[in-house]
>>> print(open('model_23.txt').read())   # compact mmCIF, C-alpha atoms
# COMPACT_ATOMS: atom_id res chain seq x y z
CA MET A 20 0.00 0.00 0.00
CA ARG A 21 1.16 3.54 -0.68
CA ARG A 22 1.61 6.08 2.08
CA ASN A 23 -1.07 8.77 2.13
CA PRO A 24 0.70 12.10 1.44
CA LEU A 25 -2.14 14.01 3.13
CA ALA A 26 -2.12 12.04 6.36
CA GLY A 27 -2.78 14.29 9.30
CA ARG A 28 -3.22 17.59 7.50
CA ARG A 29 -5.75 20.00 8.97
CA TRP A 30 -9.31 19.43 7.80
CA ASN A 31 -10.79 21.68 5.17
CA LEU A 32 -12.96 20.99 2.15
CA SER A 33 -10.10 21.28 -0.34
CA ALA A 34 -8.04 18.77 1.59
CA CYS A 35 -11.02 16.49 1.96
CA LEU A 36 -11.67 16.47 -1.77
CA SER A 37 -8.14 15.31 -2.64
CA LEU A 38 -8.20 11.81 -4.04
CA ARG A 39 -4.60 10.88 -3.54
CA VAL A 40 -5.39 9.66 -0.03
CA ILE A 41 -7.13 6.69 -1.56
CA PHE A 42 -3.94 4.80 -2.29
CA CYS A 43 -3.61 4.36 1.45
CA ILE A 44 -7.24 4.36 2.57
CA ALA A 45 -5.82 4.13 6.06
CA LEU A 46 -8.47 3.71 8.71
CA SER A 47 -8.32 3.05 12.42
CA ALA A 48 -10.30 -0.12 12.08
CA TRP A 49 -11.13 -0.98 15.64
CA THR A 50 -11.83 2.23 17.56
CA VAL A 51 -13.19 5.61 16.55
CA THR A 52 -14.06 8.55 18.76
CA CYS A 53 -15.85 11.78 17.94
CA TRP A 54 -13.48 14.40 16.44
CA SER A 55 -10.76 11.75 16.08
CA GLN A 56 -9.64 11.57 19.71
CA PRO A 57 -6.55 9.38 20.28
CA ALA A 58 -7.34 5.69 20.51
CA ALA A 59 -7.57 4.37 24.04
CA THR A 60 -5.06 1.80 25.17
CA GLY A 61 -7.68 -0.24 26.99
CA VAL A 62 -11.03 -1.70 26.10
CA GLN A 63 -13.73 0.81 25.19
CA SER A 64 -17.47 0.54 24.98
CA ASP A 65 -20.05 2.43 22.98
CA SER A 66 -21.17 5.70 24.50
CA SER A 67 -23.15 8.74 23.40
CA VAL A 68 -23.96 12.09 24.97
CA ILE A 69 -26.14 14.69 23.25
CA ASP A 70 -25.49 18.20 24.59
CA SER A 71 -27.98 21.07 24.90
CA GLN A 72 -27.24 22.20 21.32
CA GLY A 73 -27.89 18.72 19.98
CA THR A 74 -24.24 18.01 19.25
CA ALA A 75 -23.32 14.34 19.69
CA HIS A 76 -20.20 13.43 21.68
CA ILE A 77 -19.65 9.78 20.93
CA THR A 78 -17.36 6.79 21.24
CA ARG A 79 -17.97 3.87 18.93
CA VAL A 80 -16.19 0.53 18.58
CA ILE A 81 -16.31 -0.49 14.92
CA PRO A 82 -14.73 -3.78 13.80
CA VAL A 83 -13.36 -4.29 10.33
CA PRO A 84 -16.46 -5.37 8.38
CA GLN A 85 -16.52 -8.83 6.85
CA THR A 86 -18.88 -7.52 4.16
CA VAL A 87 -16.06 -6.15 1.97
CA SER A 88 -13.28 -7.89 0.07
CA PRO A 89 -10.21 -9.22 1.90
CA GLU A 90 -8.18 -6.53 0.13
CA ALA A 91 -10.52 -3.82 1.41
CA GLN A 92 -10.42 -5.33 4.90
CA ARG A 93 -6.64 -5.03 4.93
CA SER A 94 -6.87 -1.42 3.78
CA LEU A 95 -9.43 -0.57 6.44
CA ALA A 96 -7.25 -2.15 9.15
CA LEU A 97 -4.28 0.17 8.58
CA PRO A 98 -3.88 2.86 11.27
CA GLN A 99 -3.36 6.52 10.46
CA SER A 100 -2.10 9.31 12.71
CA ASP A 101 -4.48 12.00 13.94
CA ALA A 102 -1.60 14.49 14.10
CA VAL A 103 -1.94 17.75 12.18
CA LYS A 104 0.68 18.13 9.43
CA PRO A 105 0.20 21.45 7.62
CA GLU A 106 1.07 21.50 3.93
CA THR A 107 1.62 24.41 1.58
CA LEU A 108 -0.39 24.65 -1.62
CA GLU A 109 2.83 24.26 -3.63
CA ALA A 110 3.72 21.07 -1.79
CA ARG A 111 0.18 19.77 -2.12
CA ARG A 112 0.15 20.28 -5.87
CA SER A 113 3.61 18.79 -6.30
CA GLY A 114 2.75 15.74 -4.25
CA THR A 115 -0.59 15.27 -5.98
CA ASP A 116 0.99 15.53 -9.44
CA THR A 117 3.60 12.95 -8.48
CA TRP A 118 0.97 10.60 -7.10
CA GLN A 119 -1.34 11.07 -10.08
CA ALA A 120 1.44 10.24 -12.56
CA ARG A 121 2.39 7.11 -10.61
CA ALA A 122 -1.20 5.98 -10.05
CA GLY A 123 -2.04 6.71 -13.67
CA LYS A 124 0.74 4.41 -14.83
CA LEU A 125 -0.59 1.66 -12.57
CA SER A 126 -4.06 2.14 -14.05
CA GLU A 127 -2.59 1.89 -17.54
CA THR A 128 -1.00 -1.47 -16.75
CA MET A 129 -4.45 -2.75 -15.78
CA TYR A 130 -6.43 -0.87 -18.42
CA PRO A 131 -4.24 -0.20 -21.50
CA VAL A 132 -4.99 3.08 -23.32
CA HIS A 133 -3.26 5.88 -25.18
CA VAL A 134 -2.76 9.14 -23.25
CA ALA A 135 -2.01 12.44 -24.99
CA SER A 136 -2.00 16.13 -24.12
CA ASP A 137 -3.98 18.63 -26.18
CA SER A 138 -5.93 21.89 -25.98
CA ILE A 139 -9.63 22.39 -26.72
CA ALA A 140 -11.13 25.89 -26.90
CA GLY A 141 -7.91 27.17 -25.35
CA VAL A 142 -8.27 24.85 -22.33
CA PRO A 143 -5.56 22.22 -21.70
CA VAL A 144 -6.86 18.65 -21.70
CA ARG A 145 -5.70 15.08 -21.55
CA VAL A 146 -7.13 12.81 -24.25
CA ILE A 147 -7.38 9.17 -23.20
CA THR A 148 -8.10 6.85 -26.11
CA PRO A 149 -8.74 3.09 -26.05
CA LEU A 150 -6.32 0.95 -28.03
CA GLU A 151 -9.26 0.02 -30.25
CA ILE A 152 -12.55 1.87 -30.67
CA PRO A 153 -15.41 -0.11 -32.24
CA ALA A 154 -17.11 1.57 -35.17
CA ASP A 155 -20.32 2.06 -33.19
CA HIS A 156 -18.41 3.85 -30.39
CA ARG A 157 -16.66 6.41 -32.54
CA ASP A 158 -19.57 8.83 -32.31
CA ARG A 159 -19.36 8.89 -28.49
CA VAL A 160 -17.17 10.87 -26.11
CA LEU A 161 -16.86 11.25 -22.34
CA ILE A 162 -15.78 14.48 -20.63
CA ASN A 163 -14.09 14.09 -17.25
CA LEU A 164 -13.83 16.85 -14.63
CA HIS A 165 -11.13 15.66 -12.26
CA GLY A 166 -11.07 15.77 -8.48
CA GLY A 167 -8.54 17.51 -6.27
CA GLY A 168 -10.32 19.99 -4.04
CA PHE A 169 -10.56 22.57 -6.87
CA ASN A 170 -6.88 23.38 -6.29
CA SER A 171 -5.00 20.37 -7.67
CA ASP A 172 -5.37 17.45 -10.11
CA SER A 173 -5.96 14.16 -8.36
CA GLY A 174 -7.94 12.36 -11.04
CA SER A 175 -7.30 13.27 -14.67
CA LEU A 176 -5.67 9.85 -15.16
CA THR A 177 -7.04 7.62 -12.41
CA GLU A 178 -10.62 8.64 -13.17
CA THR A 179 -10.29 8.28 -16.93
CA VAL A 180 -7.97 5.42 -17.85
CA PRO A 181 -10.22 2.59 -16.55
CA ILE A 182 -13.37 4.18 -18.00
CA ALA A 183 -11.85 4.75 -21.45
CA ASN A 184 -10.68 1.14 -21.55
CA LEU A 185 -13.93 -0.39 -20.27
CA THR A 186 -16.25 1.71 -22.44
CA GLN A 187 -13.95 1.61 -25.50
CA THR A 188 -14.73 5.31 -25.77
CA LYS A 189 -12.51 8.40 -25.94
CA VAL A 190 -12.34 10.41 -22.73
CA ILE A 191 -11.38 14.09 -22.56
CA ALA A 192 -10.08 15.14 -19.13
CA VAL A 193 -10.46 18.90 -18.70
CA LEU A 194 -7.50 20.51 -16.91
CA TYR A 195 -9.55 23.46 -15.73
CA ARG A 196 -8.13 26.49 -13.94
CA LEU A 197 -7.59 25.96 -10.24
CA ALA A 198 -8.42 27.87 -7.07
CA PRO A 199 -7.37 29.91 -5.18
CA GLU A 200 -5.85 31.76 -8.14
CA HIS A 201 -8.98 31.12 -10.20
CA PRO A 202 -12.08 30.78 -8.00
CA PHE A 203 -15.63 30.01 -9.15
CA PRO A 204 -16.74 30.20 -11.93
CA ALA A 205 -13.40 29.75 -13.74
CA ALA A 206 -13.50 25.94 -13.68
CA VAL A 207 -17.14 25.93 -14.82
CA ASP A 208 -16.33 28.32 -17.66
CA ASP A 209 -13.45 26.14 -18.84
CA ALA A 210 -15.57 23.00 -18.82
CA VAL A 211 -18.42 24.72 -20.68
CA ALA A 212 -15.95 26.02 -23.28
CA VAL A 213 -14.73 22.47 -23.92
CA TYR A 214 -18.31 21.19 -24.08
CA ARG A 215 -19.27 23.86 -26.64
CA GLU A 216 -16.37 22.81 -28.83
CA VAL A 217 -17.13 19.10 -28.49
CA LEU A 218 -20.72 19.80 -29.57
CA LYS A 219 -19.33 20.78 -32.98
CA THR A 220 -18.25 17.18 -33.55
CA TYR A 221 -20.55 15.04 -31.39
CA LYS A 222 -24.30 14.96 -30.89
CA PRO A 223 -25.25 15.92 -27.33
CA ALA A 224 -26.92 12.55 -26.76
CA LYS A 225 -23.55 10.92 -27.41
CA ILE A 226 -21.68 13.00 -24.81
CA ALA A 227 -21.43 12.24 -21.08
CA ILE A 228 -19.92 14.46 -18.38
CA TYR A 229 -18.68 12.97 -15.14
CA GLY A 230 -16.33 13.53 -12.24
CA THR A 231 -15.25 12.48 -8.76
CA SER A 232 -15.15 14.63 -5.61
CA ALA A 233 -14.51 18.24 -6.72
CA GLY A 234 -15.13 16.97 -10.24
CA ALA A 235 -18.47 15.53 -9.17
CA ILE A 236 -19.44 18.92 -7.76
CA LEU A 237 -18.31 20.56 -11.00
CA THR A 238 -20.35 18.08 -13.05
CA GLY A 239 -23.55 19.29 -11.41
CA GLU A 240 -22.47 22.93 -11.74
CA VAL A 241 -21.61 22.56 -15.42
CA ALA A 242 -24.89 20.80 -16.19
CA VAL A 243 -26.87 23.65 -14.60
CA LYS A 244 -24.80 26.24 -16.48
CA ILE A 245 -25.34 24.41 -19.79
CA LYS A 246 -29.08 24.46 -19.14
CA GLN A 247 -29.01 28.17 -18.23
CA LEU A 248 -27.19 28.95 -21.48
CA GLY A 249 -29.80 27.11 -23.53
CA LEU A 250 -27.28 24.61 -24.87
CA PRO A 251 -28.40 21.02 -25.47
CA LEU A 252 -27.75 18.88 -22.42
CA PRO A 253 -25.44 15.86 -22.63
CA GLY A 254 -26.74 12.31 -22.81
CA ALA A 255 -25.66 11.36 -19.28
CA LEU A 256 -24.01 12.64 -16.10
CA GLY A 257 -21.87 10.86 -13.51
CA ILE A 258 -21.65 12.39 -10.01
CA PHE A 259 -19.27 10.23 -8.01
CA SER A 260 -18.84 11.31 -4.38
CA GLY A 261 -19.84 14.97 -4.54
CA PHE A 262 -22.45 17.42 -3.33
CA GLY A 263 -24.58 20.31 -4.53
CA ASP A 264 -24.82 22.71 -1.60
CA PHE A 265 -22.02 25.00 -0.43
CA ASP A 266 -24.31 26.55 2.18
CA HIS A 267 -24.70 23.48 4.42
CA VAL A 268 -22.30 20.93 5.86
CA GLY A 269 -23.53 17.36 5.51
CA ASP A 270 -23.70 15.07 8.51
CA SER A 271 -21.06 12.72 7.09
CA GLN A 272 -18.49 15.54 6.98
CA ALA A 273 -18.63 15.71 10.78
CA MET A 274 -17.98 11.98 11.08
CA TYR A 275 -15.50 11.00 8.39
CA ALA A 276 -12.08 12.24 7.36
CA LEU A 277 -10.57 11.62 3.94
CA ALA A 278 -9.71 8.08 4.95
CA GLY A 279 -13.00 7.47 6.68
CA LEU A 280 -12.70 6.62 10.38
CA SER A 281 -9.08 7.62 10.92
CA GLY A 282 -6.85 10.59 10.29
CA HIS A 283 -7.13 14.15 11.51
CA LEU A 284 -10.63 15.61 11.56
CA ASP A 285 -11.68 19.02 12.85
CA PRO A 286 -15.32 19.90 13.52
CA PRO A 287 -16.81 21.35 10.32
CA ALA A 288 -16.23 25.07 9.85
CA PRO A 289 -19.28 27.31 9.38
CA PRO A 290 -20.45 27.55 5.77
CA PRO A 291 -19.93 28.55 3.10
CA MET A 292 -17.60 25.65 2.48
CA ASP A 293 -14.33 26.03 0.60
CA LYS A 294 -14.12 29.79 0.76
CA GLU A 295 -11.09 29.85 -1.57
CA TYR A 296 -13.27 28.41 -4.33
CA VAL A 297 -16.53 30.22 -3.51
CA ARG A 298 -15.05 33.66 -2.70
CA GLU A 299 -17.79 36.29 -2.97
CA THR A 300 -20.39 34.14 -4.73
CA ASN A 301 -23.66 33.58 -2.90
CA PRO A 302 -23.36 29.97 -1.64
CA ARG A 303 -26.95 29.40 -2.80
CA ASP A 304 -26.21 30.50 -6.34
CA PRO A 305 -27.90 27.80 -8.44
CA VAL A 306 -24.81 27.14 -10.56
CA LEU A 307 -22.44 26.99 -7.60
CA SER A 308 -24.92 24.91 -5.60
CA PRO A 309 -27.19 22.91 -7.93
CA LEU A 310 -29.38 21.89 -5.00
CA TYR A 311 -31.03 25.32 -5.46
CA ALA A 312 -31.35 25.00 -9.26
CA ASP A 313 -34.22 23.83 -11.44
CA LEU A 314 -33.08 20.31 -12.27
CA HIS A 315 -36.03 19.36 -14.46
CA GLY A 316 -34.90 17.89 -17.77
CA MET A 317 -31.45 16.82 -16.58
CA PRO A 318 -30.17 13.70 -18.35
CA PRO A 319 -29.95 10.28 -16.69
CA THR A 320 -27.47 10.60 -13.85
CA LEU A 321 -25.52 8.01 -11.89
CA PHE A 322 -24.53 8.83 -8.30
CA ILE A 323 -21.92 6.71 -6.48
CA THR A 324 -20.72 7.00 -2.88
CA SER A 325 -19.74 4.73 0.01
CA GLY A 326 -20.55 4.08 3.66
CA ARG A 327 -17.56 5.95 5.12
CA ASP A 328 -17.40 8.65 2.47
CA MET A 329 -17.17 12.12 3.99
CA LEU A 330 -19.40 13.26 1.09
CA LEU A 331 -21.95 10.49 1.61
CA SER A 332 -24.49 13.06 2.82
CA GLY A 333 -23.83 15.48 -0.01
CA THR A 334 -24.09 12.79 -2.68
CA THR A 335 -27.35 11.37 -1.40
CA ILE A 336 -28.94 14.79 -0.77
CA LEU A 337 -28.22 15.88 -4.34
CA HIS A 338 -29.49 12.53 -5.65
CA ARG A 339 -32.82 13.13 -3.91
CA ALA A 340 -33.00 16.63 -5.42
CA PHE A 341 -32.62 15.10 -8.88
CA LEU A 342 -35.38 12.60 -8.06
CA ARG A 343 -37.71 15.34 -6.83
CA ASP A 344 -37.37 17.10 -10.18
CA GLY A 345 -38.21 13.94 -12.10
CA VAL A 346 -34.72 13.01 -13.28
CA ASP A 347 -33.74 9.41 -13.99
CA ALA A 348 -31.22 9.39 -11.12
CA ARG A 349 -29.63 6.21 -9.82
CA LEU A 350 -27.66 5.81 -6.61
CA VAL A 351 -25.06 3.16 -5.71
CA VAL A 352 -23.64 3.11 -2.17
CA PHE A 353 -20.66 0.83 -1.52
CA GLU A 354 -20.14 -0.74 1.89
CA ALA A 355 -17.67 0.70 4.46
CA LEU A 356 -15.14 2.27 2.08
CA PRO A 357 -13.97 5.91 2.31
CA HIS A 358 -14.07 8.88 -0.03
CA ALA A 359 -13.50 8.08 -3.73
CA PHE A 360 -12.04 4.67 -2.95
CA TRP A 361 -12.06 3.74 -6.67
CA ASN A 362 -8.82 5.69 -7.09
CA ASP A 363 -7.12 2.62 -5.61
CA ALA A 364 -7.39 0.68 -8.87
CA GLU A 365 -6.38 -2.63 -7.33
CA LEU A 366 -9.30 -2.99 -4.93
CA PRO A 367 -11.99 -5.43 -6.13
CA GLU A 368 -14.58 -2.83 -5.16
CA SER A 369 -12.82 -0.28 -7.37
CA LYS A 370 -13.02 -2.63 -10.33
CA GLU A 371 -16.70 -3.12 -9.57
CA ALA A 372 -17.31 0.63 -9.31
CA ASP A 373 -15.49 1.30 -12.59
CA GLY A 374 -17.56 -1.44 -14.20
CA ILE A 375 -20.81 0.11 -12.97
CA MET A 376 -19.76 3.51 -14.32
CA ALA A 377 -18.76 2.04 -17.67
CA LYS A 378 -21.97 0.06 -18.11
CA PHE A 379 -24.03 3.13 -17.29
CA PHE A 380 -22.27 5.27 -19.91
CA ASP A 381 -22.43 2.45 -22.47
CA ARG A 382 -26.15 2.07 -21.96
CA GLU A 383 -27.02 5.76 -22.01
CA LEU A 384 -24.79 6.79 -24.92
CA GLY A 385 -25.75 3.71 -26.93
CA ARG A 386 -29.42 4.62 -27.13
>>> encode(input="model_23.txt", output="structure tokens")
Amino acid sequence: MRRNPLAGRRWNLSACLSLRVIFCIALSAWTVTCWSQPAATGVQSDSSVIDSQGTAHITRVIPVPQTVSPEAQRSLALPQSDAVKPETLEARRSGTDTWQARAGKLSETMYPVHVASDSIAGVPVRVITPLEIPADHRDRVLINLHGGGFNSDSGSLTETVPIANLTQTKVIAVLYRLAPEHPFPAAVDDAVAVYREVLKTYKPAKIAIYGTSAGAILTGEVAVKIKQLGLPLPGALGIFSGFGDFDHVGDSQAMYALAGLSGHLDPPAPPPMDKEYVRETNPRDPVLSPLYADLHGMPPTLFITSGRDMLLSGTTILHRAFLRDGVDARLVVFEALPHAFWNDAELPESKEADGIMAKFFDRELGR
């Protein structure tokens, strides 16, 4: 297993959305206390106190579940320090880039593809192409919006290589401008610019947009912006461990760190979340926070999360909003695993998740 380069850094939304932690997925498997208190040396029992404000102060004893693969059980059993280890943005980006290159190469050994750099509408992109594309797949394309807390790239390879291989479809990973230098709506504008250009070559029903973590949030934002602009909507969306509301902190963000039940976790800060990305925008702006948008007419959308995902709440809340507005929205929740676990390509559950994503895009774009 690879060491998590974010272990112990102070909690904030940007840190929580980084996907490079997944190659460790280090969890304290046997004991968890509220706000990540140090593990006791003796035997503990379950306890819970609700204070006058309704805040829960809890101790829970949680064994490694036998309901996940042996590989996942070993990952969940690895301890992680609760110590705070501050990291500069420069170091974060450097470490994430190094991890993404290494993890991308691992993905390519499992899912062979061609990877190239390009520019579309003035926006840098990665183009991930299957070794062979069947004739009936050449009119399809997937657009990926990578994760990384809006301030780094922790998914333009790990989120695309398996999907390109499994769907036998070209994937364009948008390397959108990053916060804090370029706050909202810069990333949305870049993604929309790429989508406009892709529409010149592909029918909208043959295009899917998807992302993980920050990219999942962006996927919802971009879809709402496309609708506002009167552009034809894509044929499908994939929102994998995200949310749609910068004005409220989901319950799961108070319980889980990046790695789930271990690692440093501060109590959630008052909203709006991720102030470096939001800046002066109203957190209930319908593009920034699609929970407040009119979602009627959105294309079929697949939501994926997991039982110890810090964005479990956000993913399921946005899924329900899509359902309320009559969207064909499907939700898959994996057992026990932490945020964006599918970035560890070797886990059986990751292979299953990638397969679910690929089948969804195949079905929707093949209509």
>>> closest_residue(input="model_23.txt", among="A:Arg349, A:His133, A:Arg327, A:His76", to="Gly257 of chain A", atoms="only C-alpha atoms")
A:Arg349
>>> atom_distance(input="model_23.txt", atom1="atom CA of Thr300 of chain A", atom2="atom CA of Gly141 of chain A")
25.1 Å
>>> residues_around(input="model_23.txt", residues="segment 234-240 of chain A", least_positions_apart="6", cutoff="6 Å", atoms="only C-alpha atoms", output="JSON, numbers by chain")
{"A": [164, 165, 166, 258, 259, 261, 262, 306, 307]}
>>> atom_distance(input="model_23.txt", atom1="atom CA of Ser138 of chain A", atom2="atom CA of Ala210 of chain A")
12.1 Å
>>> atom_distance(input="model_23.txt", atom1="atom CA of Asp347 of chain A", atom2="atom CA of Tyr214 of chain A")
21.9 Å
>>> closest_residue(input="model_23.txt", among="A:Lys124, A:Ser271, A:Tyr229, A:Tyr296", to="Ala206 of chain A", atoms="all atoms listed in the file")
A:Tyr296
>>> closest_residue(input="model_23.txt", among="A:Ala91, A:Ser173, A:Thr74, A:Ile139", to="Ala120 of chain A", atoms="only C-alpha atoms")
A:Ser173
>>> residues_around(input="model_23.txt", residues="segment 248-255 of chain A", least_positions_apart="3", cutoff="12 Å", atoms="only C-alpha atoms", output="ChimeraX atom specification")
/A:159-162,208,211-212,214-219,221-230,238-239,241-245,258,306,314-322,346-349,376-386
>>> write_last_selection(input="model_23.txt", atoms="C-alpha atoms", output="mmCIF file, in the frame of the given file")
data_model
loop_
_atom_site.group_PDB
_atom_site.id
_atom_site.type_symbol
_atom_site.label_atom_id
_atom_site.label_comp_id
_atom_site.auth_asym_id
_atom_site.auth_seq_id
_atom_site.Cartn_x
_atom_site.Cartn_y
_atom_site.Cartn_z
ATOM 1 C CA ARG A 159 -19.360 8.890 -28.490
ATOM 2 C CA VAL A 160 -17.170 10.870 -26.110
ATOM 3 C CA LEU A 161 -16.860 11.250 -22.340
ATOM 4 C CA ILE A 162 -15.780 14.480 -20.630
ATOM 5 C CA ASP A 208 -16.330 28.320 -17.660
ATOM 6 C CA VAL A 211 -18.420 24.720 -20.680
ATOM 7 C CA ALA A 212 -15.950 26.020 -23.280
ATOM 8 C CA TYR A 214 -18.310 21.190 -24.080
ATOM 9 C CA ARG A 215 -19.270 23.860 -26.640
ATOM 10 C CA GLU A 216 -16.370 22.810 -28.830
ATOM 11 C CA VAL A 217 -17.130 19.100 -28.490
ATOM 12 C CA LEU A 218 -20.720 19.800 -29.570
ATOM 13 C CA LYS A 219 -19.330 20.780 -32.980
ATOM 14 C CA TYR A 221 -20.550 15.040 -31.390
ATOM 15 C CA LYS A 222 -24.300 14.960 -30.890
ATOM 16 C CA PRO A 223 -25.250 15.920 -27.330
ATOM 17 C CA ALA A 224 -26.920 12.550 -26.760
ATOM 18 C CA LYS A 225 -23.550 10.920 -27.410
ATOM 19 C CA ILE A 226 -21.680 13.000 -24.810
ATOM 20 C CA ALA A 227 -21.430 12.240 -21.080
ATOM 21 C CA ILE A 228 -19.920 14.460 -18.380
ATOM 22 C CA TYR A 229 -18.680 12.970 -15.140
ATOM 23 C CA GLY A 230 -16.330 13.530 -12.240
ATOM 24 C CA THR A 238 -20.350 18.080 -13.050
ATOM 25 C CA GLY A 239 -23.550 19.290 -11.410
ATOM 26 C CA VAL A 241 -21.610 22.560 -15.420
ATOM 27 C CA ALA A 242 -24.890 20.800 -16.190
ATOM 28 C CA VAL A 243 -26.870 23.650 -14.600
ATOM 29 C CA LYS A 244 -24.800 26.240 -16.480
ATOM 30 C CA ILE A 245 -25.340 24.410 -19.790
ATOM 31 C CA ILE A 258 -21.650 12.390 -10.010
ATOM 32 C CA VAL A 306 -24.810 27.140 -10.560
ATOM 33 C CA LEU A 314 -33.080 20.310 -12.270
ATOM 34 C CA HIS A 315 -36.030 19.360 -14.460
ATOM 35 C CA GLY A 316 -34.900 17.890 -17.770
ATOM 36 C CA MET A 317 -31.450 16.820 -16.580
ATOM 37 C CA PRO A 318 -30.170 13.700 -18.350
ATOM 38 C CA PRO A 319 -29.950 10.280 -16.690
ATOM 39 C CA THR A 320 -27.470 10.600 -13.850
ATOM 40 C CA LEU A 321 -25.520 8.010 -11.890
ATOM 41 C CA PHE A 322 -24.530 8.830 -8.300
ATOM 42 C CA VAL A 346 -34.720 13.010 -13.280
ATOM 43 C CA ASP A 347 -33.740 9.410 -13.990
ATOM 44 C CA ALA A 348 -31.220 9.390 -11.120
ATOM 45 C CA ARG A 349 -29.630 6.210 -9.820
ATOM 46 C CA MET A 376 -19.760 3.510 -14.320
ATOM 47 C CA ALA A 377 -18.760 2.040 -17.670
ATOM 48 C CA LYS A 378 -21.970 0.060 -18.110
ATOM 49 C CA PHE A 379 -24.030 3.130 -17.290
ATOM 50 C CA PHE A 380 -22.270 5.270 -19.910
ATOM 51 C CA ASP A 381 -22.430 2.450 -22.470
ATOM 52 C CA ARG A 382 -26.150 2.070 -21.960
ATOM 53 C CA GLU A 383 -27.020 5.760 -22.010
ATOM 54 C CA LEU A 384 -24.790 6.790 -24.920
ATOM 55 C CA GLY A 385 -25.750 3.710 -26.930
ATOM 56 C CA ARG A 386 -29.420 4.620 -27.130
#
>>> closest_residue(input="model_23.txt", among="A:Leu330, A:Leu197, A:Leu366, A:Val87", to="Phe353 of chain A", atoms="all atoms listed in the file")
A:Val87
>>> closest_residue(input="model_23.txt", among="A:Leu108, A:Leu256, A:Val132, A:Ala75", to="Phe169 of chain A", atoms="only C-alpha atoms")
A:Leu108
>>> residues_around(input="model_23.txt", residues="Val351 of chain A", least_positions_apart="4", cutoff="9 Å", atoms="only C-alpha atoms", output="PyMOL selection string")
chain A and resi 321-325+372+375
>>> residues_around(input="model_23.txt", residues="Asn184 of chain A", least_positions_apart="5", cutoff="7 Å", atoms="all atoms listed in the file", output="list in words")
Tyr130, Pro131, Val132 and Pro149 of chain A
>>> write_last_selection(input="model_23.txt", atoms="C-alpha atoms", output="PDB file, keeping the file's coordinate frame")
ATOM      1  CA  TYR A 130      -6.430  -0.870 -18.420  1.00  0.00           C
ATOM      2  CA  PRO A 131      -4.240  -0.200 -21.500  1.00  0.00           C
ATOM      3  CA  VAL A 132      -4.990   3.080 -23.320  1.00  0.00           C
ATOM      4  CA  PRO A 149      -8.740   3.090 -26.050  1.00  0.00           C
TER       5      PRO A 149
END
>>> axis_aligned_box(input="model_23.txt", around="segment 109-112 of chain A", padding_each_side="6 Å", output="AutoDock Vina command-line options")
--center_x 1.9 --center_y 22.0 --center_z -3.8 --size_x 15.6 --size_y 16.5 --size_z 16.1
>>> residues_around(input="model_23.txt", residues="Ser64 of chain A", least_positions_apart="6", cutoff="9 Å", atoms="only C-alpha atoms", output="PyMOL selection string")
chain A and resi 78-80
>>> decode(input="model_23.txt", residues="segment 224-235 of chain A", atoms="N, CA and C atoms", output="mmCIF file, in the first residue's frame")
data_model
loop_
_atom_site.group_PDB
_atom_site.id
_atom_site.type_symbol
_atom_site.label_atom_id
_atom_site.label_comp_id
_atom_site.auth_asym_id
_atom_site.auth_seq_id
_atom_site.Cartn_x
_atom_site.Cartn_y
_atom_site.Cartn_z
ATOM 1 N N ALA A 224 -26.501 13.825 -27.320
ATOM 2 C CA ALA A 224 -26.922 12.546 -26.756
ATOM 3 C C ALA A 224 -25.792 11.536 -26.700
ATOM 4 N N LYS A 225 -24.693 11.824 -27.382
ATOM 5 C CA LYS A 225 -23.549 10.922 -27.407
ATOM 6 C C LYS A 225 -22.398 11.426 -26.536
ATOM 7 N N ILE A 226 -22.687 12.425 -25.707
ATOM 8 C CA ILE A 226 -21.679 12.997 -24.805
ATOM 9 C C ILE A 226 -22.106 12.746 -23.361
ATOM 10 N N ALA A 227 -21.176 12.338 -22.519
ATOM 11 C CA ALA A 227 -21.425 12.237 -21.075
ATOM 12 C C ALA A 227 -20.394 13.085 -20.344
ATOM 13 N N ILE A 228 -20.818 13.694 -19.250
ATOM 14 C CA ILE A 228 -19.923 14.462 -18.381
ATOM 15 C C ILE A 228 -19.920 13.800 -17.012
ATOM 16 N N TYR A 229 -18.738 13.614 -16.448
ATOM 17 C CA TYR A 229 -18.678 12.970 -15.137
ATOM 18 C C TYR A 229 -17.451 13.442 -14.370
ATOM 19 N N GLY A 230 -17.469 13.182 -13.063
ATOM 20 C CA GLY A 230 -16.328 13.529 -12.236
ATOM 21 C C GLY A 230 -16.448 12.935 -10.849
ATOM 22 N N THR A 231 -15.329 12.966 -10.134
ATOM 23 C CA THR A 231 -15.249 12.475 -8.763
ATOM 24 C C THR A 231 -14.871 13.621 -7.839
ATOM 25 N N SER A 232 -15.486 13.678 -6.656
ATOM 26 C CA SER A 232 -15.148 14.630 -5.614
ATOM 27 C C SER A 232 -15.368 16.056 -6.119
ATOM 28 N N ALA A 233 -14.326 16.899 -6.168
ATOM 29 C CA ALA A 233 -14.514 18.244 -6.717
ATOM 30 C C ALA A 233 -15.061 18.169 -8.136
ATOM 31 N N GLY A 234 -14.624 17.151 -8.897
ATOM 32 C CA GLY A 234 -15.130 16.973 -10.245
ATOM 33 C C GLY A 234 -16.588 16.579 -10.284
ATOM 34 N N ALA A 235 -17.043 15.860 -9.259
ATOM 35 C CA ALA A 235 -18.466 15.531 -9.170
ATOM 36 C C ALA A 235 -19.292 16.785 -8.903
#
